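To be precise, the following lines are protein.txt, and they hold compact mmCIF, C-alpha atoms.
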# COMPACT_ATOMS: atom_id res chain seq x y z
CA MET A 213 7.30 -19.88 8.19
CA THR A 214 4.37 -18.51 10.22
CA GLU A 215 1.98 -16.41 8.18
CA PRO A 216 0.94 -13.26 10.04
CA GLY A 217 -2.72 -12.95 10.98
CA PHE A 218 -5.11 -10.20 9.97
CA TRP A 219 -4.35 -7.81 12.83
CA ARG A 220 -0.62 -8.36 12.59
CA GLN A 221 -0.76 -7.48 8.90
CA ALA A 222 -2.88 -4.39 9.62
CA GLY A 223 -0.37 -3.39 12.32
CA GLU A 224 2.55 -3.77 9.92
CA ILE A 225 0.85 -1.62 7.29
CA ALA A 226 0.02 1.04 9.89
CA ARG A 227 3.57 0.97 11.23
CA LYS A 228 5.02 1.33 7.74
CA ASP A 229 2.69 4.22 6.88
CA LEU A 230 3.51 6.00 10.15
CA MET A 231 7.24 5.62 9.56
CA ILE A 232 6.85 7.00 6.04
CA GLU A 233 4.73 9.90 7.27
CA GLY A 234 7.18 10.57 10.10
CA ARG A 235 9.99 10.98 7.57
CA ALA A 236 8.04 12.70 4.78
CA GLY A 237 6.12 14.94 7.19
CA GLU A 238 3.44 15.55 4.58
CA ALA A 239 0.53 15.69 7.02
CA LEU A 240 2.12 16.90 10.24
CA TYR A 241 4.56 19.47 8.89
CA ILE A 242 2.50 20.84 5.98
CA THR A 243 -1.23 20.18 6.40
CA VAL A 244 -1.49 20.78 10.15
CA PRO A 245 0.20 24.21 10.18
CA PHE A 246 -1.77 25.22 7.10
CA GLY A 247 -5.02 24.21 8.84
CA ALA A 248 -4.07 26.24 11.89
CA VAL A 249 -3.33 29.23 9.65
CA ALA A 250 -6.76 28.83 8.01
CA LEU A 251 -8.35 29.08 11.46
CA MET A 252 -6.31 32.20 12.20
CA LEU A 253 -7.26 33.94 8.95
CA ILE A 254 -11.01 33.83 9.58
CA PRO A 255 -10.97 36.14 12.68
CA LEU A 256 -9.00 38.61 10.59
CA ALA A 257 -11.83 38.62 8.05
CA ILE A 258 -14.63 38.77 10.63
CA GLY A 259 -13.00 41.33 12.88
CA THR A 260 -13.24 41.62 16.67
CA ASP A 261 -16.90 40.74 17.03
CA LYS A 262 -16.36 38.39 19.99
CA PRO A 263 -19.92 37.00 20.28
CA LEU A 264 -19.93 36.21 16.56
CA LEU A 265 -16.52 34.54 16.77
CA ALA A 266 -17.68 32.49 19.75
CA THR A 267 -20.75 31.39 17.79
CA VAL A 268 -18.99 30.41 14.57
CA GLY A 269 -15.80 29.03 16.18
CA PRO A 270 -16.85 25.41 16.73
CA GLY A 271 -18.40 25.21 13.26
CA LEU A 272 -15.27 26.60 11.63
CA PHE A 273 -13.18 24.13 13.60
CA LEU A 274 -15.27 21.28 12.19
CA ALA A 275 -15.16 22.67 8.65
CA VAL A 276 -11.37 23.06 8.77
CA ALA A 277 -11.07 19.59 10.31
CA LEU A 278 -13.14 18.19 7.45
CA LEU A 279 -11.44 20.01 4.57
CA PHE A 280 -7.88 19.63 5.79
CA GLY A 281 -8.69 16.19 7.14
CA MET A 282 -9.36 15.13 3.57
CA LEU A 283 -5.84 16.21 2.66
CA VAL A 284 -4.48 14.13 5.53
CA ALA A 285 -6.58 11.09 4.59
CA PHE A 286 -5.42 10.92 0.99
CA ARG A 287 -1.95 12.33 1.35
CA GLN A 288 0.61 11.21 -1.23
CA THR A 289 2.53 9.13 1.31
CA ALA A 290 -0.58 6.95 1.80
CA THR A 291 -0.54 5.98 -1.87
CA ASP A 292 1.43 2.94 -2.99
CA THR A 293 3.03 2.79 -6.42
CA PRO A 294 2.05 -0.12 -8.70
CA PRO A 295 5.21 -2.14 -7.84
CA GLN A 296 4.52 -1.60 -4.13
CA ARG A 297 0.89 -2.71 -4.52
CA GLU A 298 2.03 -5.79 -6.40
CA LEU A 299 4.62 -6.60 -3.77
CA LEU A 300 2.05 -6.39 -0.96
CA ALA A 301 -0.37 -8.55 -2.96
CA LEU A 302 2.28 -11.17 -3.71
CA LEU A 303 3.30 -11.29 -0.05
CA GLY A 304 -0.25 -12.45 0.57
CA THR A 305 -1.29 -9.31 2.44
CA ASP A 306 -5.02 -9.31 3.05
CA PRO A 307 -6.46 -6.24 1.27
CA ALA A 308 -8.87 -5.76 4.18
CA ALA A 309 -5.92 -5.70 6.61
CA LYS A 310 -4.25 -3.15 4.36
CA PHE A 311 -7.41 -1.04 4.45
CA VAL A 312 -7.64 -1.25 8.24
CA GLY A 313 -3.95 -0.46 8.74
CA ARG A 314 -4.07 2.49 6.37
CA ALA A 315 -7.26 3.87 7.93
CA ALA A 316 -5.74 3.49 11.41
CA THR A 317 -2.72 5.57 10.39
CA SER A 318 -4.94 8.27 8.92
CA MET A 319 -7.05 8.25 12.07
CA LEU A 320 -4.02 8.81 14.29
CA LEU A 321 -2.85 11.67 12.08
CA LEU A 322 -6.33 13.20 12.00
CA LEU A 323 -6.56 12.95 15.79
CA ALA A 324 -3.23 14.73 16.10
CA PHE A 325 -4.44 17.32 13.60
CA GLN A 326 -7.63 18.03 15.55
CA ILE A 327 -5.82 18.07 18.89
CA VAL A 328 -3.57 20.82 17.52
CA LEU A 329 -6.58 22.74 16.20
CA VAL A 330 -8.61 22.65 19.46
CA PRO A 331 -6.38 25.02 21.48
CA VAL A 332 -6.05 27.30 18.43
CA THR A 333 -9.84 27.45 18.19
CA VAL A 334 -10.29 28.09 21.91
CA LEU A 335 -7.64 30.81 21.85
CA LEU A 336 -8.97 32.63 18.79
CA TYR A 337 -12.72 32.14 19.12
CA ASN A 338 -13.28 31.71 22.88
CA PRO A 339 -16.41 29.60 22.34
CA GLY A 340 -17.24 29.57 26.07
CA ARG A 341 -17.54 26.84 28.68
CA MET A 342 -19.47 23.66 28.09
CA ASP A 343 -20.54 21.53 31.04
CA ARG A 344 -20.22 18.26 29.20
CA TRP A 345 -17.04 19.12 27.24
CA PRO A 346 -15.51 15.60 27.53
CA TRP A 347 -18.10 14.61 24.92
CA LEU A 348 -16.19 16.79 22.49
CA LEU A 349 -13.34 14.31 22.75
CA VAL A 350 -15.75 11.54 21.76
CA VAL A 351 -16.85 13.62 18.76
CA ILE A 352 -13.25 14.28 17.75
CA VAL A 353 -12.42 10.56 17.87
CA LEU A 354 -15.56 9.57 15.94
CA LEU A 355 -14.96 12.31 13.37
CA ALA A 356 -11.32 11.30 12.93
CA SER A 357 -12.20 7.64 12.44
CA GLY A 358 -15.07 8.45 10.06
CA LEU A 359 -12.99 10.79 7.92
CA SER A 360 -10.07 8.38 7.81
CA LEU A 361 -12.35 5.49 6.77
CA VAL A 362 -14.06 7.57 4.07
CA GLY A 363 -10.72 8.92 2.84
CA THR A 364 -9.11 5.48 2.75
CA LEU A 365 -12.12 4.01 0.97
CA ALA A 366 -12.11 6.81 -1.62
CA GLY A 367 -8.37 6.35 -2.04
CA SER A 368 -8.93 2.63 -2.73
CA VAL A 369 -11.63 3.38 -5.29
CA THR A 370 -9.55 5.91 -7.20
CA VAL A 371 -6.15 4.21 -7.00
CA GLY A 372 -4.42 4.14 -10.35
CA LEU A 373 -6.77 6.68 -11.95
CA LYS A 374 -5.28 9.69 -13.70
CA THR A 375 -8.10 11.84 -12.31
CA ARG A 376 -7.46 10.63 -8.76
CA SER A 377 -6.54 14.01 -7.27
CA THR A 378 -9.78 15.55 -8.57
CA LEU A 379 -12.09 12.60 -8.08
CA THR A 380 -11.14 11.69 -4.51
CA PRO A 381 -12.30 14.96 -2.87
CA LEU A 382 -15.48 14.81 -4.94
CA LEU A 383 -16.18 11.39 -3.45
CA VAL A 384 -15.16 12.28 0.09
CA ALA A 385 -16.90 15.64 0.48
CA PRO A 386 -20.53 14.44 0.09
CA LEU A 387 -19.86 11.32 2.18
CA SER A 388 -18.44 13.53 4.93
CA MET A 389 -21.39 15.91 5.10
CA PRO A 390 -23.51 13.76 7.47
CA MET A 391 -20.51 13.58 9.80
CA LEU A 392 -20.07 17.35 9.74
CA LEU A 393 -23.77 17.82 10.38
CA ALA A 394 -23.82 15.37 13.31
CA ALA A 395 -20.66 16.81 14.87
CA SER A 396 -21.95 20.40 14.65
CA GLN A 397 -25.26 19.30 16.17
CA VAL A 398 -23.42 17.71 19.10
CA VAL A 399 -21.57 20.98 19.74
CA GLU A 400 -24.83 22.91 19.55
CA ALA A 401 -26.56 20.45 21.88
CA LEU A 402 -23.70 20.70 24.37
CA ARG A 403 -24.13 24.47 24.38
CA ASN A 404 -27.88 24.52 24.95
CA GLY A 405 -27.99 21.46 27.19
CA SER A 406 -30.11 19.23 24.95
CA SER A 407 -29.57 15.54 24.25
CA ILE A 408 -26.62 14.51 22.08
CA LEU A 409 -27.38 10.80 21.97
CA VAL A 410 -28.96 10.68 18.53
CA TRP A 411 -26.07 12.56 16.93
CA ILE A 412 -23.41 10.45 18.64
CA LEU A 413 -25.27 7.36 17.45
CA LEU A 414 -25.35 8.79 13.91
CA LEU A 415 -21.58 9.34 13.97
CA MET A 416 -21.02 5.81 15.29
CA THR A 417 -23.32 4.34 12.64
CA ILE A 418 -21.48 6.16 9.85
CA ASP A 419 -18.13 4.91 11.18
CA ILE A 420 -19.34 1.32 11.41
CA ALA A 421 -20.93 1.47 7.94
CA MET A 422 -17.77 2.91 6.37
CA ALA A 423 -15.59 0.29 8.09
CA ALA A 424 -17.88 -2.50 6.87
CA ILE A 425 -17.95 -1.16 3.30
CA GLY A 426 -14.19 -0.64 3.27
CA VAL A 427 -13.38 -4.13 4.56
CA SER A 428 -15.90 -5.90 2.34
CA THR A 429 -14.83 -4.10 -0.86
CA ALA A 430 -11.08 -4.18 -0.18
CA ASN A 431 -10.40 -7.40 -2.06
CA PRO A 432 -12.20 -6.61 -5.35
CA LEU A 433 -10.82 -3.05 -5.33
CA GLU A 434 -7.31 -4.36 -4.75
CA GLU A 435 -7.56 -6.95 -7.50
CA SER A 436 -8.80 -4.37 -9.97
CA SER A 437 -5.91 -2.03 -9.17
CA ILE A 438 -3.02 -4.45 -9.83
CA MET B 280 -1.04 -10.14 -25.38
CA LEU B 281 -0.81 -13.92 -25.44
CA ARG B 282 -2.51 -15.96 -28.17
CA SER B 283 -1.32 -19.54 -27.95
CA VAL B 284 0.92 -20.76 -25.14
CA ASP B 285 0.91 -24.29 -23.78
CA LEU B 286 3.55 -24.59 -21.10
CA VAL B 287 4.18 -26.70 -18.02
CA VAL B 288 6.94 -25.82 -15.56
CA ASN B 289 7.91 -28.71 -13.32
CA PRO B 290 9.45 -28.59 -9.83
CA GLY B 291 13.21 -28.24 -9.99
CA GLU B 292 13.09 -26.86 -13.51
CA ALA B 293 14.23 -23.49 -14.82
CA VAL B 294 12.48 -22.28 -17.93
CA GLY B 295 13.79 -19.39 -19.98
CA VAL B 296 11.43 -17.43 -22.18
CA ILE B 297 12.95 -15.38 -24.96
CA GLY B 298 11.43 -13.18 -27.60
CA PRO B 299 11.48 -9.66 -28.97
CA ASN B 300 9.87 -6.67 -27.26
CA GLY B 301 6.09 -6.95 -27.22
CA SER B 302 6.06 -10.71 -27.75
CA GLY B 303 4.14 -11.33 -24.52
CA LYS B 304 6.97 -12.40 -22.20
CA SER B 305 6.10 -10.07 -19.36
CA THR B 306 2.38 -10.81 -19.77
CA LEU B 307 3.12 -14.52 -19.40
CA LEU B 308 5.14 -13.81 -16.27
CA ARG B 309 2.39 -11.65 -14.75
CA ILE B 310 -0.19 -14.35 -15.41
CA LEU B 311 2.06 -16.88 -13.65
CA ALA B 312 2.38 -14.37 -10.79
CA THR B 313 -1.45 -14.34 -10.61
CA LEU B 314 -1.46 -10.57 -11.22
CA ILE B 315 -3.35 -10.92 -14.51
CA ARG B 316 -6.08 -13.46 -15.13
CA PRO B 317 -6.27 -14.87 -18.67
CA THR B 318 -9.37 -13.81 -20.57
CA VAL B 319 -9.24 -16.98 -22.66
CA GLY B 320 -7.80 -20.32 -21.61
CA SER B 321 -6.52 -21.07 -18.16
CA ALA B 322 -3.41 -20.93 -16.03
CA ARG B 323 -2.70 -22.90 -12.89
CA VAL B 324 -0.03 -22.10 -10.34
CA PHE B 325 0.63 -24.82 -7.76
CA GLY B 326 -2.58 -26.38 -9.07
CA ILE B 327 -4.61 -23.27 -8.24
CA GLU B 328 -6.52 -21.62 -11.06
CA VAL B 329 -5.40 -18.01 -11.57
CA GLY B 330 -8.28 -15.67 -10.80
CA THR B 331 -9.89 -17.81 -8.11
CA ASP B 332 -10.08 -17.36 -4.35
CA GLY B 333 -7.15 -19.67 -3.67
CA MET B 334 -4.68 -17.30 -5.30
CA VAL B 335 -3.42 -15.92 -1.96
CA ALA B 336 -2.00 -19.34 -1.07
CA ALA B 337 -0.19 -19.47 -4.42
CA ARG B 338 1.06 -15.90 -4.07
CA ARG B 339 2.68 -16.65 -0.73
CA ARG B 340 4.78 -19.32 -2.45
CA LEU B 341 6.09 -17.23 -5.34
CA THR B 342 8.31 -14.22 -5.86
CA LEU B 343 8.25 -11.94 -8.89
CA LEU B 344 11.17 -9.69 -9.62
CA GLY B 345 10.00 -7.13 -12.16
CA HIS B 346 11.57 -4.09 -13.74
CA HIS B 347 10.91 -1.81 -10.77
CA PRO B 348 11.75 -2.85 -7.22
CA GLY B 349 8.73 -2.33 -4.96
CA LEU B 350 10.59 -0.42 -2.26
CA TRP B 351 9.25 2.44 -0.16
CA GLY B 352 11.62 5.33 -0.68
CA GLU B 353 11.30 6.79 2.83
CA LEU B 354 12.27 3.48 4.44
CA THR B 355 15.83 2.22 4.66
CA LEU B 356 16.90 -0.88 2.78
CA ILE B 357 16.87 -2.95 5.97
CA GLU B 358 13.44 -1.61 6.93
CA ASN B 359 12.08 -2.53 3.50
CA LEU B 360 13.40 -6.07 3.72
CA SER B 361 12.26 -6.42 7.34
CA LEU B 362 8.75 -5.43 6.27
CA VAL B 363 8.84 -8.20 3.66
CA GLY B 364 10.06 -10.61 6.33
CA ARG B 365 7.25 -9.74 8.73
CA LEU B 366 4.46 -9.74 6.13
CA SER B 367 5.62 -12.97 4.47
CA GLY B 368 6.15 -14.76 7.77
CA ALA B 369 9.83 -15.35 6.96
CA GLY B 370 10.82 -13.27 9.99
CA THR B 371 13.51 -10.67 10.40
CA GLU B 372 16.27 -12.65 12.09
CA ARG B 373 18.27 -13.19 8.88
CA VAL B 374 17.61 -9.82 7.27
CA ALA B 375 20.93 -8.15 8.14
CA GLU B 376 22.89 -11.27 7.26
CA ILE B 377 21.19 -11.54 3.86
CA LEU B 378 21.79 -7.88 3.08
CA GLU B 379 25.48 -8.50 3.83
CA GLN B 380 25.33 -11.50 1.50
CA VAL B 381 24.01 -9.43 -1.42
CA GLY B 382 26.66 -6.77 -0.88
CA LEU B 383 24.58 -4.19 0.96
CA GLY B 384 26.19 -4.56 4.36
CA GLY B 385 27.45 -0.99 4.38
CA ALA B 386 24.32 0.53 2.88
CA MET B 387 21.52 -1.25 4.70
CA ARG B 388 20.62 1.81 6.77
CA ARG B 389 20.44 4.05 3.72
CA ARG B 390 17.01 5.21 2.60
CA ALA B 391 15.79 3.45 -0.53
CA ASP B 392 15.23 6.74 -2.36
CA HIS B 393 18.86 7.63 -1.63
CA SER B 394 20.08 4.33 -3.05
CA SER B 395 20.95 3.57 -6.65
CA HIS B 396 18.73 1.43 -8.87
CA GLY B 397 21.35 -1.31 -8.72
CA MET B 398 21.25 -1.32 -4.92
CA GLN B 399 17.47 -1.52 -5.01
CA ARG B 400 17.70 -4.49 -7.38
CA ARG B 401 20.02 -6.18 -4.90
CA VAL B 402 17.31 -5.83 -2.26
CA ASP B 403 15.03 -7.66 -4.69
CA PHE B 404 17.43 -10.60 -4.72
CA ALA B 405 17.73 -10.36 -0.94
CA ARG B 406 13.95 -10.83 -0.89
CA VAL B 407 14.37 -14.11 -2.79
CA LEU B 408 16.98 -15.32 -0.32
CA LEU B 409 14.77 -14.32 2.62
CA THR B 410 11.42 -15.70 1.48
CA GLN B 411 12.80 -18.80 -0.31
CA PRO B 412 9.96 -19.09 -2.82
CA ASP B 413 8.83 -22.30 -4.51
CA LEU B 414 8.37 -20.39 -7.76
CA LEU B 415 10.71 -17.61 -8.83
CA LEU B 416 9.67 -15.36 -11.72
CA LEU B 417 12.38 -13.11 -13.11
CA ASP B 418 11.69 -10.38 -15.66
CA GLU B 419 14.90 -9.21 -17.31
CA ALA B 420 16.81 -10.37 -14.27
CA HIS B 421 20.19 -9.03 -15.29
CA ALA B 422 19.00 -5.51 -16.05
CA GLY B 423 20.33 -2.82 -13.74
CA LEU B 424 22.89 -5.07 -12.09
CA ASP B 425 26.61 -4.38 -12.23
CA SER B 426 29.00 -7.18 -13.04
CA ALA B 427 29.58 -7.98 -9.36
CA ALA B 428 25.86 -8.34 -8.80
CA GLN B 429 25.21 -10.57 -11.83
CA ALA B 430 26.09 -13.59 -9.70
CA LEU B 431 23.01 -12.91 -7.57
CA VAL B 432 20.83 -14.08 -10.43
CA GLU B 433 22.64 -17.40 -10.57
CA VAL B 434 22.63 -17.79 -6.77
CA SER B 435 18.88 -17.13 -6.66
CA VAL B 436 18.02 -19.47 -9.53
CA THR B 437 20.24 -22.27 -8.24
CA GLY B 438 18.95 -21.87 -4.69
CA VAL B 439 15.30 -22.19 -5.74
CA LYS B 440 16.02 -25.16 -8.03
CA ASN B 441 18.04 -26.99 -5.37
CA ARG B 442 15.10 -26.72 -2.98
CA GLY B 443 12.87 -28.31 -5.63
CA GLY B 444 11.30 -25.06 -6.73
CA ALA B 445 10.69 -23.83 -10.26
CA VAL B 446 12.06 -20.77 -12.02
CA VAL B 447 10.82 -18.86 -15.05
CA LEU B 448 13.10 -16.21 -16.51
CA VAL B 449 12.17 -13.93 -19.36
CA SER B 450 14.64 -11.90 -21.35
CA HIS B 451 15.15 -10.38 -24.75
CA GLU B 452 18.89 -10.92 -24.25
CA PRO B 453 19.28 -14.71 -24.06
CA ASP B 454 23.06 -14.85 -23.77
CA ARG B 455 23.18 -14.39 -20.00
CA MET B 456 20.01 -16.35 -19.36
CA LEU B 457 20.57 -19.55 -21.34
CA PRO B 458 23.30 -21.00 -19.08
CA LEU B 459 20.87 -20.87 -16.16
CA VAL B 460 17.88 -22.66 -17.70
CA ASP B 461 16.94 -26.24 -18.51
CA THR B 462 14.25 -25.43 -21.05
CA THR B 463 14.02 -22.57 -23.48
CA CYS B 464 10.82 -21.21 -25.01
CA GLU B 465 10.52 -18.63 -27.70
CA LEU B 466 7.53 -16.31 -27.92
CA ARG B 467 6.61 -14.31 -30.99
CA GLY B 468 3.47 -12.22 -31.25
CA GLY B 469 2.00 -13.90 -28.19
CA THR B 470 2.51 -17.41 -29.58
CA LEU B 471 4.91 -20.05 -28.32
CA VAL B 472 6.80 -20.78 -31.52
CA ALA B 473 9.69 -22.93 -30.29
CA LYS B 474 10.61 -24.97 -27.28
CA SER B 475 13.82 -26.85 -26.52
CA GLY B 476 15.03 -28.85 -23.55
CA PRO B 477 13.56 -31.47 -21.26
CA GLY B 478 10.30 -29.64 -20.36
Output the file's structure in the form of structure tokens.
Amino acid sequence: MTEPGFWRQAGEIARKDLMIEGRAGEALYITVPFGAVALMLIPLAIGTDKPLLATVGPGLFLAVALLFGMLVAFRQTATDTPPQRELLALLGTDPAAKFVGRAATSMLLLLAFQIVLVPVTVLLYNPGRMDRWPWLLVVIVLLASGLSLVGTLAGSVTVGLKTRSTLTPLLVAPLSMPMLLAASQVVEALRNGSSILVWILLLMTIDIAMAAIGVSTANPLEESSI
Amino acid sequence: MLRSVDLVVNPGEAVGVIGPNGSGKSTLLRILATLIRPTVGSARVFGIEVGTDGMVAARRRLTLLGHHPGLWGELTLIENLSLVGRLSGAGTERVAEILEQVGLGGAMRRRADHSSHGMQRRVDFARVLLTQPDLLLLDEAHAGLDSAAQALVEVSVTGVKNRGGAVVLVSHEPDRMLPLVDTTCELRGGTLVAKSGPG
């Protein structure tokens, strides 16, 4: 019997979560369309002021990505029941591998979510051309990984609590604010041609810090939840 | 809650624990499964103190079958067992064959949440056959099984014992359990009040 290594375990958890999400469709069939609708509703409220829409478009994209991204990160299908948590623990699954696998699944879903939202934003808000637009892809990836790590970490902290559905957003929202700030500053810098390096580095630092906290606290959080 | 229990389970031995509801049977089983650490006293599983860093090694060698099967409803029965095979290191080569063996040959591609509780319990026993644990912990093993599936309990217990493993069964209905065990313990109010058999 060959025990699977860390990355194999993380891959198995991610694969399981993706299969479950693919069948339940909680994120892709409910949250994503609802997020796109939220982006559509705002122009109806603002009206046809095109310069204003172009100005606020990228910021609204990021706000919708953050708020609906939270729903994706702690969707019901990413929550194991007590018997499932016990089974994974008794199979010897490394809690850190479980954290990484779960965060990876959320990141993929959040990437898909944002990729759907980008054309909707461009179509509705026409934010104008940016010379260095490929950097937006970097921001989207960093934002997706940061939100997924924060969401997975908050989900681990609140697992088993009766107040989970209330407490988790309260934990995630303040932790996500620096990411929202950095991402919006990158967009602004891309528009006016200034340097984006410091903001990209901030996003990367947040991602690395959240990954380190999540991995290092996975074991005690897991043990306290079973 | 357990108050006073002094118990050793030897390799190749099956121990049955009986007692009324609330006597501490399930708590004892969960301590042996390393899921609860005792607040007073100590418990060792394969020589490893429960609550210490070495627990993962002990966990890989044991299987606990509780009241609720830990299946993911959106996955099929074969996908659930395959996941166990990959995460435990037992592999997936024998998964289909074992599901046939436990009577789920025709239902293995059915989603777990579309399967009856009895079918889900059969997957639990398939897990025992797949992972071949050195310590099998059964909590009310016969519950939720139809008469045709009752034999799975005996097959699982005998299989583990024949490989030199140990089995602990708890039940508040001793009639079905007693023929399977070598030693019987009785718990009342968290205290081991009687013990019979070779252990």
Residue among B:Val449, B:Leu314, B:Leu408, B:Leu281 lying closest to chain A, counting all atoms listed in the file: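 Among the listed residues, B:Leu314 lies closest to chain A.
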With 3 Å added on each side, what axis-aligned box encloses every listed atom of stretch 435-441 of chain B? Give the centre and edge lengths in Å to one decimal, as JSON.
{"center_x": 17.8, "center_y": -22.1, "center_z": -7.1, "size_x": 10.9, "size_y": 15.9, "size_z": 10.8}
Proximal residues of chain A relative to chain B (all atoms listed in the file; 12 Å) as a VMD selection string: chain A and resid 213 to 238 289 to 307 309 to 310 431 to 432 434 to 438
Å distance separating atom CA of B:Leu311 from atom CA of B:Arg442, one decimal place: 19.5 Å
Length of the atom CA of B:Leu471 to atom CA of B:Pro453 vector [Å]: 15.9 Å
Coordinates-based distance that separates atom CA of A:Gly363 from atom CA of A:Leu409 (Å, one decimal):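 Distance between the two atoms: 25.4 Å.
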